[in-house]
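See structure below.
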Amino acid sequence: GNRTFTMIKPDAVENGHIGAILEKITGAGFNIVAMKYTQLSRRDAQEFYAIHKERPFFGELVEFMTRGPIVAAILEKDNAVDDFRALIGATNPAEAAEGTIRKLFATSIGENAVHGSDSDENAGIEGAFHFSGREVF
Ligand code: GTP
Ligand code: MG
């Protein structure tokens, strides 16, 4: 697939990293085909992360993802899902490779600066969750 979905999470927005993260993303060859500044409701976050609802950190994850605004975007590039996950690095920034977005901008395994879809199917579902057809260019 040639598209993935990302969010710049509340921690990175609070810490003033929106511009630097977008520069890393476009500098790595991704085109932004949809983008908005928004805030998840509790229901949005519970639905978006439903796959993790039995995990011990689920409540913390929902609290975190709803505590402030995020940037949501659909990105286009060949091999988008895998290349974007390589660009952001491991879930835990302590384990993320040098130069990755999480290594540079994340603070902890929970507050890890960015989201990236984990499959083409989920990229489609997550993009459609946030954007109507008229908002994708
Ligand atoms: P996403 O791109 O956000 O989906 O991250 P990921 O695919 O690298 O990780 P995963 O889907 O396994 O987990 C989703 C999110 O849950 C992570 O990005 C973290 O924000 C959070 N999370 C995962 N593991 C932990 C944990 O052990 N503790 C806490 N507090 N949060 C966690
Ligand atoms: Mg994930």
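So you can find residues: chains in the structure tokens are A, B, ... in the order shown, residues in each start at 1, and ligands are numbered from 1 in order.
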
- Message: Let me see if you get this right: every residue at most 9 Å from ligand 1, counting only C-alpha atoms and all ligand atoms, written as number ranges by chain.
- Response: A: 6-7, 9, 49, 51-52, 55-62, 64-65, 85, 88-92, 108-118

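Backbone DSSP of chain A yields strand (DSSP E) at Arg3, Thr4, Phe5, Thr6, Met7, Ile8, Asn31, Ile32, Val33, Ala34, Met35, Lys36, Tyr37, Thr38, Ile70, Val71, Ala72, Ala73, Ile74, Leu75, Glu76, Val114, His115 and Gly116 of chain A.
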
Please dump the current selection as a CSV table (one decimal), in the first residue's frame; keep N, CA and C atoms.
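This is the output file part_5.csv:
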chain,number,residue,atom,x,y,z
A,3,ARG,N,-0.3,4.3,1.5
A,3,ARG,CA,-0.7,5.2,2.5
A,3,ARG,C,-0.6,4.7,3.9
A,4,THR,N,-0.4,5.6,4.8
A,4,THR,CA,-0.4,5.3,6.2
A,4,THR,C,-1.1,6.4,7.0
A,5,PHE,N,-1.5,6.1,8.2
A,5,PHE,CA,-2.1,7.1,9.1
A,5,PHE,C,-1.3,7.4,10.3
A,6,THR,N,-1.1,8.7,10.6
A,6,THR,CA,-0.3,9.0,11.8
A,6,THR,C,-1.1,10.0,12.7
A,7,MET,N,-0.7,10.0,14.0
A,7,MET,CA,-1.1,11.1,14.9
A,7,MET,C,0.2,11.6,15.6
A,8,ILE,N,0.3,12.9,15.7
A,8,ILE,CA,1.3,13.5,16.6
A,8,ILE,C,0.6,13.6,17.9
A,31,ASN,N,4.4,12.4,1.5
A,31,ASN,CA,3.5,13.5,1.2
A,31,ASN,C,2.3,13.5,2.1
A,32,ILE,N,1.9,14.7,2.6
A,32,ILE,CA,0.7,14.8,3.4
A,32,ILE,C,-0.5,14.9,2.5
A,33,VAL,N,-1.4,14.0,2.6
A,33,VAL,CA,-2.6,14.0,1.7
A,33,VAL,C,-3.8,14.4,2.5
A,34,ALA,N,-3.8,14.4,3.8
A,34,ALA,CA,-4.8,14.9,4.7
A,34,ALA,C,-4.2,15.3,6.0
A,35,MET,N,-4.7,16.4,6.6
A,35,MET,CA,-4.2,16.7,7.9
A,35,MET,C,-5.1,17.6,8.7
A,36,LYS,N,-5.3,17.4,10.1
A,36,LYS,CA,-6.1,18.3,10.9
A,36,LYS,C,-5.5,18.3,12.3
A,37,TYR,N,-5.8,19.4,13.0
A,37,TYR,CA,-5.5,19.7,14.4
A,37,TYR,C,-6.8,19.4,15.1
A,38,THR,N,-6.8,18.5,16.1
A,38,THR,CA,-8.1,18.1,16.7
A,38,THR,C,-7.8,17.5,18.0
A,70,ILE,N,-4.1,16.9,19.2
A,70,ILE,CA,-3.2,16.0,18.4
A,70,ILE,C,-3.2,16.6,17.0
A,71,VAL,N,-2.3,16.2,16.2
A,71,VAL,CA,-2.3,16.4,14.7
A,71,VAL,C,-2.5,15.0,14.1
A,72,ALA,N,-3.6,14.9,13.3
A,72,ALA,CA,-3.9,13.6,12.6
A,72,ALA,C,-3.6,13.8,11.1
A,73,ALA,N,-3.0,12.8,10.5
A,73,ALA,CA,-2.7,13.0,9.1
A,73,ALA,C,-2.6,11.7,8.3
A,74,ILE,N,-3.0,11.7,7.0
A,74,ILE,CA,-2.8,10.6,6.1
A,74,ILE,C,-1.5,10.9,5.3
A,75,LEU,N,-0.6,10.0,5.2
A,75,LEU,CA,0.7,10.2,4.5
A,75,LEU,C,0.8,9.2,3.3
A,76,GLU,N,1.4,9.7,2.2
A,76,GLU,CA,1.5,8.9,1.0
A,76,GLU,C,3.0,8.7,0.7
A,114,VAL,N,4.3,9.8,18.7
A,114,VAL,CA,3.6,9.6,17.4
A,114,VAL,C,3.0,8.2,17.3
A,115,HIS,N,1.9,8.2,16.5
A,115,HIS,CA,1.3,6.9,16.1
A,115,HIS,C,1.6,6.6,14.7
A,116,GLY,N,1.8,5.3,14.3
A,116,GLY,CA,1.8,4.9,12.9
A,116,GLY,C,1.0,3.6,12.8

- Query: In Å, how far is it from atom CA of Ile21 of chain A to atom CA of Leu104 of chain A?
  - Reply: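 Atom-to-atom, atom CA of Ile21 of chain A and atom CA of Leu104 of chain A are spaced 9.3 Å apart.
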
- Task: Any chance you could list, as a ChimeraX atom specification, the residues in chain A that come up alpha helix (DSSP H) when DSSP is run on the backbone?
- Result: /A:10-14,18-27,42-48,58-66,80-88,101-105,120-130

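Candidate residues A:Ile101, A:Leu87, A:Val13, A:Ala50 were compared for distance to ligand 2, and the nearest is A:Ala50, using only C-alpha atoms and all ligand atoms.
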
- Glu63 of chain A surroundings by only C-alpha atoms, 10 Å radius, close-in-sequence under 3 positions cut, as a list in words: Ser41, Arg42, Ala45, Gln46, Phe58, Gly59, Glu60, Thr66, Arg67 and Gly68 of chain A
